[in-house]
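Read through the structure below, which is laid out as structure tokens, and then see the notes.
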Amino acid sequence: MKAVTRKLRELGSIGSALASTGHPYMAHIVPMRRCNLACTYCNEFDDFSDPVAVDEMLRRIDHLGRLGTSVITISGGEPLLHPELDQIIARIRKTGAIAGMITNGYLLMPERIERLNQAGLDHMQISIDNVMPDEVSKKSLKVLDKKLEMLAEYADFHVNINSVVGGGTPPQDALVVSERALGLGFSSTIGIIHDGSGQLKPLGEEERNVWDKVRNLTRRSYSRFNHFQEAIANGKPNDWRCRAGGRYLYICENGLVHYCSQQRGYPGVPLSGYQTADVKREFLTEKSCAPNCTISCVHQVSYIDHWRAPQTSQITPGSTSHGSPELVQIR
């Protein structure tokens with residue numbers, strides 16, 4: 001029954017997005033920049049930050065609710081490190097939004113999973129980079145397999161396991177991870193690790209072969225309905241209308257709105273002052289980084305509106321004409 005109700009809410013959110021372009025469809029929000037891991041390809045974490053105060057997080061969630069955001073996904077860093085995460089999830093649900101979370105899964109235990117159930121979490125995604133931990137990533141199937149079994153037994157929310165190719169990870173590991181995820185009853189997707197600016201890097205022959213095999217296992221994946229990742233795998237640019245800043249918002253730990261995790265600094269303005277007029281302006285703004293972008297969540301959200309509203313203005317992230325003068329990266 002929970003799964004059916006969740007699916008109806010998701011269909012309702014898509015219907016609302018088709019009916020009106022004046023609200024964000026998805027926002028990623030960061031309550032904790034610190035992470036308990038240090039994957040070498042990642043530029044979205046540090047090892048020292050304190051959690052954002054829960055009262056401030058609740059205010060930010062309310063602002064996203066004010067804008068009419070349909071899906072609010074908690075990311076990081078590692079969100080499970082935040083001591084008041086359950087309150088944050090419950091507040092997302094109170095706004096009427098679908099509540100999601102991206103986590104490395106290390107801190108999951110049966111009691112913690114039950115608390116996430118009670119808080120109202122709808123979706124969880126865990127990326128598993130390899131079968132055995134190595135110097136690139138410790139997000140390995142060997143370490144996380146028991147956590148996946150716990151999720152299969154206790155979780156009321158939907159779980160997606162994302163495997164990856166590129167970035168120095170063993171290509172065949174993605175196939176093993178995907179098969180294990182499907183065997184436990186989870187959904188499975190595969191992504192391509194982008195470079196530090198979110199720009200494409202074509203796959204090698206072995207990586208491409210594995211990527212094709214995993215895609216054949218997961219035919220129900222949303223990405224099969226568009227050619228976005230197909231072009232990325234071939235090292236080719238995509239012709240699409242990025243709706244970041246409009247349909248998709250990235251809210252950093254400082255409460256600023258950004259286009260995405262890889263273009264932090266643009267527009268780089270406080271969420272508290274973000275208005276429907278800003279959403280509509282960015283919806284119609286073409287981003288110069290779009291053709292070579294690999295950020296699939298932004299593309300999938302933007303895909304809702306691929307058929308309408310040609311973009312009438314342009315911004316080049318990195319220029320001095322808009323927001324901060326350079327890409328903000330965590331080192």
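Chain labels run A, B, ... following the order of the structure tokens; each chain numbers its residues from 1, and ligands are numbered from 1 in the order shown.
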
Checklist entry - Please, which residues of region 9-255 of chain A, numbered as in this document, come out strand (DSSP E or B) from DSSP, as a PyMOL selection string? => result chain A and resi 26-32+34+46+71-76+98-103+123-128+130+140+158-165+187-192+199+244+248-251

Just the residues within 8 Å of region 172-181 of chain A, please, counting only C-alpha atoms, with nothing from its chain fewer than 5 positions along; format it as a compact mmCIF listing (two decimals) with N, CA, C and O atoms, in the first residue's frame.
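Dumped to selection-v4.txt:
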# COMPACT_ATOMS: atom_id res chain seq x y z
N ILE A 128 27.36 2.39 -5.43
CA ILE A 128 28.40 1.41 -5.11
C ILE A 128 29.36 1.38 -6.28
O ILE A 128 28.98 1.08 -7.42
N ASP A 129 30.62 1.70 -6.02
CA ASP A 129 31.58 1.96 -7.08
C ASP A 129 32.39 0.75 -7.52
O ASP A 129 32.93 0.74 -8.62
N ASN A 130 32.50 -0.24 -6.64
CA ASN A 130 33.35 -1.39 -6.97
C ASN A 130 32.95 -2.58 -6.11
O ASN A 130 32.10 -2.46 -5.21
N VAL A 131 33.52 -3.72 -6.39
CA VAL A 131 33.25 -4.92 -5.60
C VAL A 131 34.13 -4.96 -4.36
O VAL A 131 33.67 -5.26 -3.26
N LEU A 141 30.89 -3.21 -2.76
CA LEU A 141 29.88 -4.22 -2.46
C LEU A 141 30.30 -5.09 -1.28
O LEU A 141 29.46 -5.48 -0.46
N ASN A 160 17.24 2.43 -4.61
CA ASN A 160 17.92 2.30 -5.90
C ASN A 160 19.43 2.20 -5.66
O ASN A 160 20.00 2.98 -4.88
N ILE A 161 20.05 1.25 -6.31
CA ILE A 161 21.50 1.09 -6.23
C ILE A 161 22.09 1.54 -7.56
O ILE A 161 21.74 1.02 -8.62
N ASN A 162 22.98 2.50 -7.48
CA ASN A 162 23.61 3.05 -8.69
C ASN A 162 25.04 2.55 -8.78
O ASN A 162 25.85 2.77 -7.88
N SER A 163 25.35 1.84 -9.85
CA SER A 163 26.73 1.44 -10.12
C SER A 163 27.33 2.45 -11.10
O SER A 163 26.61 3.24 -11.72
N VAL A 164 28.63 2.44 -11.23
CA VAL A 164 29.30 3.44 -12.06
C VAL A 164 30.39 2.81 -12.91
O VAL A 164 30.97 1.78 -12.56
N VAL A 165 30.64 3.47 -14.04
CA VAL A 165 31.82 3.17 -14.85
C VAL A 165 32.57 4.47 -15.06
O VAL A 165 31.99 5.56 -15.00
N PHE A 186 15.78 -4.49 -5.43
CA PHE A 186 15.95 -3.05 -5.60
C PHE A 186 15.95 -2.69 -7.09
O PHE A 186 16.13 -3.56 -7.94
N SER A 187 15.76 -1.43 -7.39
CA SER A 187 16.01 -0.96 -8.75
C SER A 187 17.50 -0.70 -8.90
O SER A 187 18.23 -0.56 -7.91
N SER A 188 17.95 -0.65 -10.14
CA SER A 188 19.37 -0.47 -10.39
C SER A 188 19.56 0.47 -11.57
O SER A 188 18.85 0.38 -12.57
N THR A 189 20.50 1.39 -11.43
CA THR A 189 20.88 2.29 -12.51
C THR A 189 22.39 2.28 -12.64
O THR A 189 23.10 1.79 -11.75
N ILE A 190 22.87 2.81 -13.74
CA ILE A 190 24.31 2.93 -13.92
C ILE A 190 24.63 4.33 -14.40
O ILE A 190 23.91 4.91 -15.22
N GLU A 207 34.72 -0.38 -20.73
CA GLU A 207 33.70 0.33 -19.95
C GLU A 207 32.38 0.38 -20.71
O GLU A 207 31.31 0.17 -20.14
N VAL A 210 30.51 -3.06 -20.65
CA VAL A 210 29.85 -3.30 -19.37
C VAL A 210 28.63 -2.41 -19.23
O VAL A 210 27.57 -2.85 -18.77
N TRP A 211 28.77 -1.17 -19.63
CA TRP A 211 27.65 -0.22 -19.54
C TRP A 211 26.45 -0.72 -20.34
O TRP A 211 25.31 -0.68 -19.87
N LYS A 213 25.76 -3.88 -21.06
CA LYS A 213 25.21 -5.06 -20.40
C LYS A 213 24.31 -4.67 -19.22
O LYS A 213 23.23 -5.24 -19.04
N VAL A 214 24.77 -3.71 -18.43
CA VAL A 214 23.96 -3.29 -17.28
C VAL A 214 22.67 -2.63 -17.77
O VAL A 214 21.59 -2.86 -17.21
N LEU A 217 20.12 -5.10 -18.52
CA LEU A 217 19.52 -5.69 -17.32
C LEU A 217 18.43 -4.80 -16.73
O LEU A 217 17.53 -5.28 -16.05

Next on the checklist: Residues within 12 Å of Arg33 (chain A), please, as a list of chain:residue names. Count only C-alpha atoms; anything in the same chain fewer than 5 positions from it doesn't count.
Outcome noted: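 The contact residues come out as A:Ala38, A:Asn43, A:Glu44, A:Phe45, A:Asp46, A:Asp47, A:Phe48, A:Ser49, A:Asp50, A:Pro51, A:Val52, A:Ile74, A:Ser75, A:Gly76, A:Gly77, A:Glu78, A:Pro79, A:Leu80, A:Leu81, A:His82, A:Ile251, A:Cys252, A:Glu253, A:Asn254, A:Ser261, A:Ile330.
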
Item to check | Coordinates-based distance that separates CA of Gln263 (chain A) from CA of Thr316 (chain A) (Å, one decimal) | outcome: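 Pair CA of Thr316 (chain A) / CA of Gln263 (chain A) returns 10.5 Å.
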
Checklist entry - When distances are computed from only C-alpha atoms, which of A:Ala152, A:Ile315, A:Cys242, A:Cys260 shows the smallest separation from Tyr303 (chain A)? => result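 Smallest distance to Tyr303 (chain A) is found for A:Cys242.
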
Item to check | Residue contacts of Ala3 (chain A) (12 Å, only C-alpha atoms) excluding same-chain residues fewer than 4 positions away, as an NGL selection string | outcome: :A and (7-10 or 121-123 or 155-159)

With all heavy atoms kept, could you save the residues just selected as an mmCIF file, in the first residue's frame?
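As written to disk, selection27.cif reads:
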data_model
loop_
_atom_site.group_PDB
_atom_site.id
_atom_site.type_symbol
_atom_site.label_atom_id
_atom_site.label_comp_id
_atom_site.auth_asym_id
_atom_site.auth_seq_id
_atom_site.Cartn_x
_atom_site.Cartn_y
_atom_site.Cartn_z
ATOM 1 N N LYS A 7 3.677 5.800 -5.551
ATOM 2 C CA LYS A 7 3.603 5.897 -7.010
ATOM 3 C C LYS A 7 2.537 6.905 -7.435
ATOM 4 O O LYS A 7 2.752 7.689 -8.380
ATOM 5 C CB LYS A 7 3.294 4.525 -7.606
ATOM 6 C CG LYS A 7 3.205 4.507 -9.125
ATOM 7 C CD LYS A 7 4.500 4.969 -9.780
ATOM 8 C CE LYS A 7 5.618 3.981 -9.536
ATOM 9 N NZ LYS A 7 6.853 4.370 -10.268
ATOM 10 N N LEU A 8 1.409 6.929 -6.753
ATOM 11 C CA LEU A 8 0.363 7.901 -7.080
ATOM 12 C C LEU A 8 0.837 9.323 -6.824
ATOM 13 O O LEU A 8 0.543 10.242 -7.609
ATOM 14 C CB LEU A 8 -0.895 7.600 -6.259
ATOM 15 C CG LEU A 8 -1.656 6.325 -6.639
ATOM 16 C CD1 LEU A 8 -2.789 6.071 -5.648
ATOM 17 C CD2 LEU A 8 -2.196 6.425 -8.060
ATOM 18 N N ARG A 9 1.583 9.529 -5.736
ATOM 19 C CA ARG A 9 2.134 10.857 -5.447
ATOM 20 C C ARG A 9 3.126 11.263 -6.525
ATOM 21 O O ARG A 9 3.176 12.429 -6.943
ATOM 22 C CB ARG A 9 2.790 10.870 -4.073
ATOM 23 C CG ARG A 9 1.803 10.770 -2.923
ATOM 24 C CD ARG A 9 2.489 10.501 -1.600
ATOM 25 N NE ARG A 9 3.513 11.481 -1.309
ATOM 26 C CZ ARG A 9 4.713 11.167 -0.817
ATOM 27 N NH1 ARG A 9 5.031 9.911 -0.574
ATOM 28 N NH2 ARG A 9 5.584 12.117 -0.565
ATOM 29 N N GLU A 10 3.938 10.318 -6.986
ATOM 30 C CA GLU A 10 4.908 10.610 -8.037
ATOM 31 C C GLU A 10 4.202 10.989 -9.336
ATOM 32 O O GLU A 10 4.595 11.953 -10.006
ATOM 33 C CB GLU A 10 5.815 9.401 -8.258
ATOM 34 C CG GLU A 10 6.749 9.125 -7.092
ATOM 35 C CD GLU A 10 7.419 7.770 -7.201
ATOM 36 O OE1 GLU A 10 7.083 7.015 -8.143
ATOM 37 O OE2 GLU A 10 8.251 7.455 -6.342
ATOM 38 N N LEU A 121 10.610 8.745 4.783
ATOM 39 C CA LEU A 121 11.462 8.726 3.596
ATOM 40 C C LEU A 121 10.796 7.940 2.476
ATOM 41 O O LEU A 121 10.238 6.858 2.704
ATOM 42 C CB LEU A 121 12.817 8.093 3.942
ATOM 43 C CG LEU A 121 13.877 8.145 2.833
ATOM 44 C CD1 LEU A 121 14.314 9.578 2.573
ATOM 45 C CD2 LEU A 121 15.081 7.279 3.197
ATOM 46 N N ASP A 122 10.833 8.483 1.263
ATOM 47 C CA ASP A 122 10.243 7.821 0.101
ATOM 48 C C ASP A 122 11.261 7.070 -0.732
ATOM 49 O O ASP A 122 10.972 5.978 -1.231
ATOM 50 C CB ASP A 122 9.554 8.857 -0.796
ATOM 51 C CG ASP A 122 8.315 9.457 -0.163
ATOM 52 O OD1 ASP A 122 7.410 8.689 0.195
ATOM 53 O OD2 ASP A 122 8.262 10.700 -0.020
ATOM 54 N N HIS A 123 12.442 7.665 -0.916
ATOM 55 C CA HIS A 123 13.447 7.086 -1.808
ATOM 56 C C HIS A 123 14.836 7.190 -1.191
ATOM 57 O O HIS A 123 15.172 8.206 -0.584
ATOM 58 C CB HIS A 123 13.473 7.808 -3.157
ATOM 59 C CG HIS A 123 12.252 7.606 -3.987
ATOM 60 N ND1 HIS A 123 12.068 6.512 -4.780
ATOM 61 C CD2 HIS A 123 11.147 8.376 -4.135
ATOM 62 C CE1 HIS A 123 10.894 6.611 -5.394
ATOM 63 N NE2 HIS A 123 10.321 7.729 -5.010
ATOM 64 N N ALA A 155 13.377 -1.883 5.034
ATOM 65 C CA ALA A 155 13.006 -0.589 4.454
ATOM 66 C C ALA A 155 11.597 -0.606 3.868
ATOM 67 O O ALA A 155 11.239 -1.507 3.096
ATOM 68 C CB ALA A 155 14.007 -0.190 3.379
ATOM 69 N N ASP A 156 10.808 0.413 4.210
ATOM 70 C CA ASP A 156 9.509 0.638 3.577
ATOM 71 C C ASP A 156 9.636 1.550 2.364
ATOM 72 O O ASP A 156 8.693 1.690 1.588
ATOM 73 C CB ASP A 156 8.536 1.291 4.567
ATOM 74 C CG ASP A 156 8.120 0.340 5.683
ATOM 75 O OD1 ASP A 156 8.216 -0.891 5.487
ATOM 76 O OD2 ASP A 156 7.703 0.833 6.747
ATOM 77 N N PHE A 157 10.764 2.205 2.221
ATOM 78 C CA PHE A 157 10.980 3.142 1.125
ATOM 79 C C PHE A 157 11.620 2.431 -0.067
ATOM 80 O O PHE A 157 12.174 1.331 0.060
ATOM 81 C CB PHE A 157 11.847 4.316 1.582
ATOM 82 C CG PHE A 157 13.029 3.926 2.426
ATOM 83 C CD1 PHE A 157 14.235 3.545 1.846
ATOM 84 C CD2 PHE A 157 12.943 3.936 3.819
ATOM 85 C CE1 PHE A 157 15.325 3.182 2.621
ATOM 86 C CE2 PHE A 157 14.030 3.572 4.603
ATOM 87 C CZ PHE A 157 15.217 3.198 4.006
ATOM 88 N N HIS A 158 11.534 3.083 -1.222
ATOM 89 C CA HIS A 158 12.149 2.546 -2.430
ATOM 90 C C HIS A 158 13.660 2.718 -2.357
ATOM 91 O O HIS A 158 14.153 3.762 -1.925
ATOM 92 C CB HIS A 158 11.600 3.278 -3.658
ATOM 93 C CG HIS A 158 12.306 2.945 -4.923
ATOM 94 N ND1 HIS A 158 13.292 3.755 -5.463
ATOM 95 C CD2 HIS A 158 12.196 1.886 -5.755
ATOM 96 C CE1 HIS A 158 13.740 3.210 -6.583
ATOM 97 N NE2 HIS A 158 13.102 2.078 -6.787
ATOM 98 N N VAL A 159 14.391 1.701 -2.779
ATOM 99 C CA VAL A 159 15.853 1.738 -2.774
ATOM 100 C C VAL A 159 16.371 1.543 -4.191
ATOM 101 O O VAL A 159 15.969 0.606 -4.895
ATOM 102 C CB VAL A 159 16.439 0.645 -1.855
ATOM 103 C CG1 VAL A 159 17.966 0.661 -1.910
ATOM 104 C CG2 VAL A 159 15.956 0.826 -0.416
#

Next on the checklist: Taking 5 positions as the minimum chain separation for residues in the same chain, which residues sit within 8 Å of Val136 (chain A) when counting only C-alpha atoms? Answer as a list in words.
Outcome noted: Cys39, Thr40, Tyr41, Gly168 and Thr169 of chain A
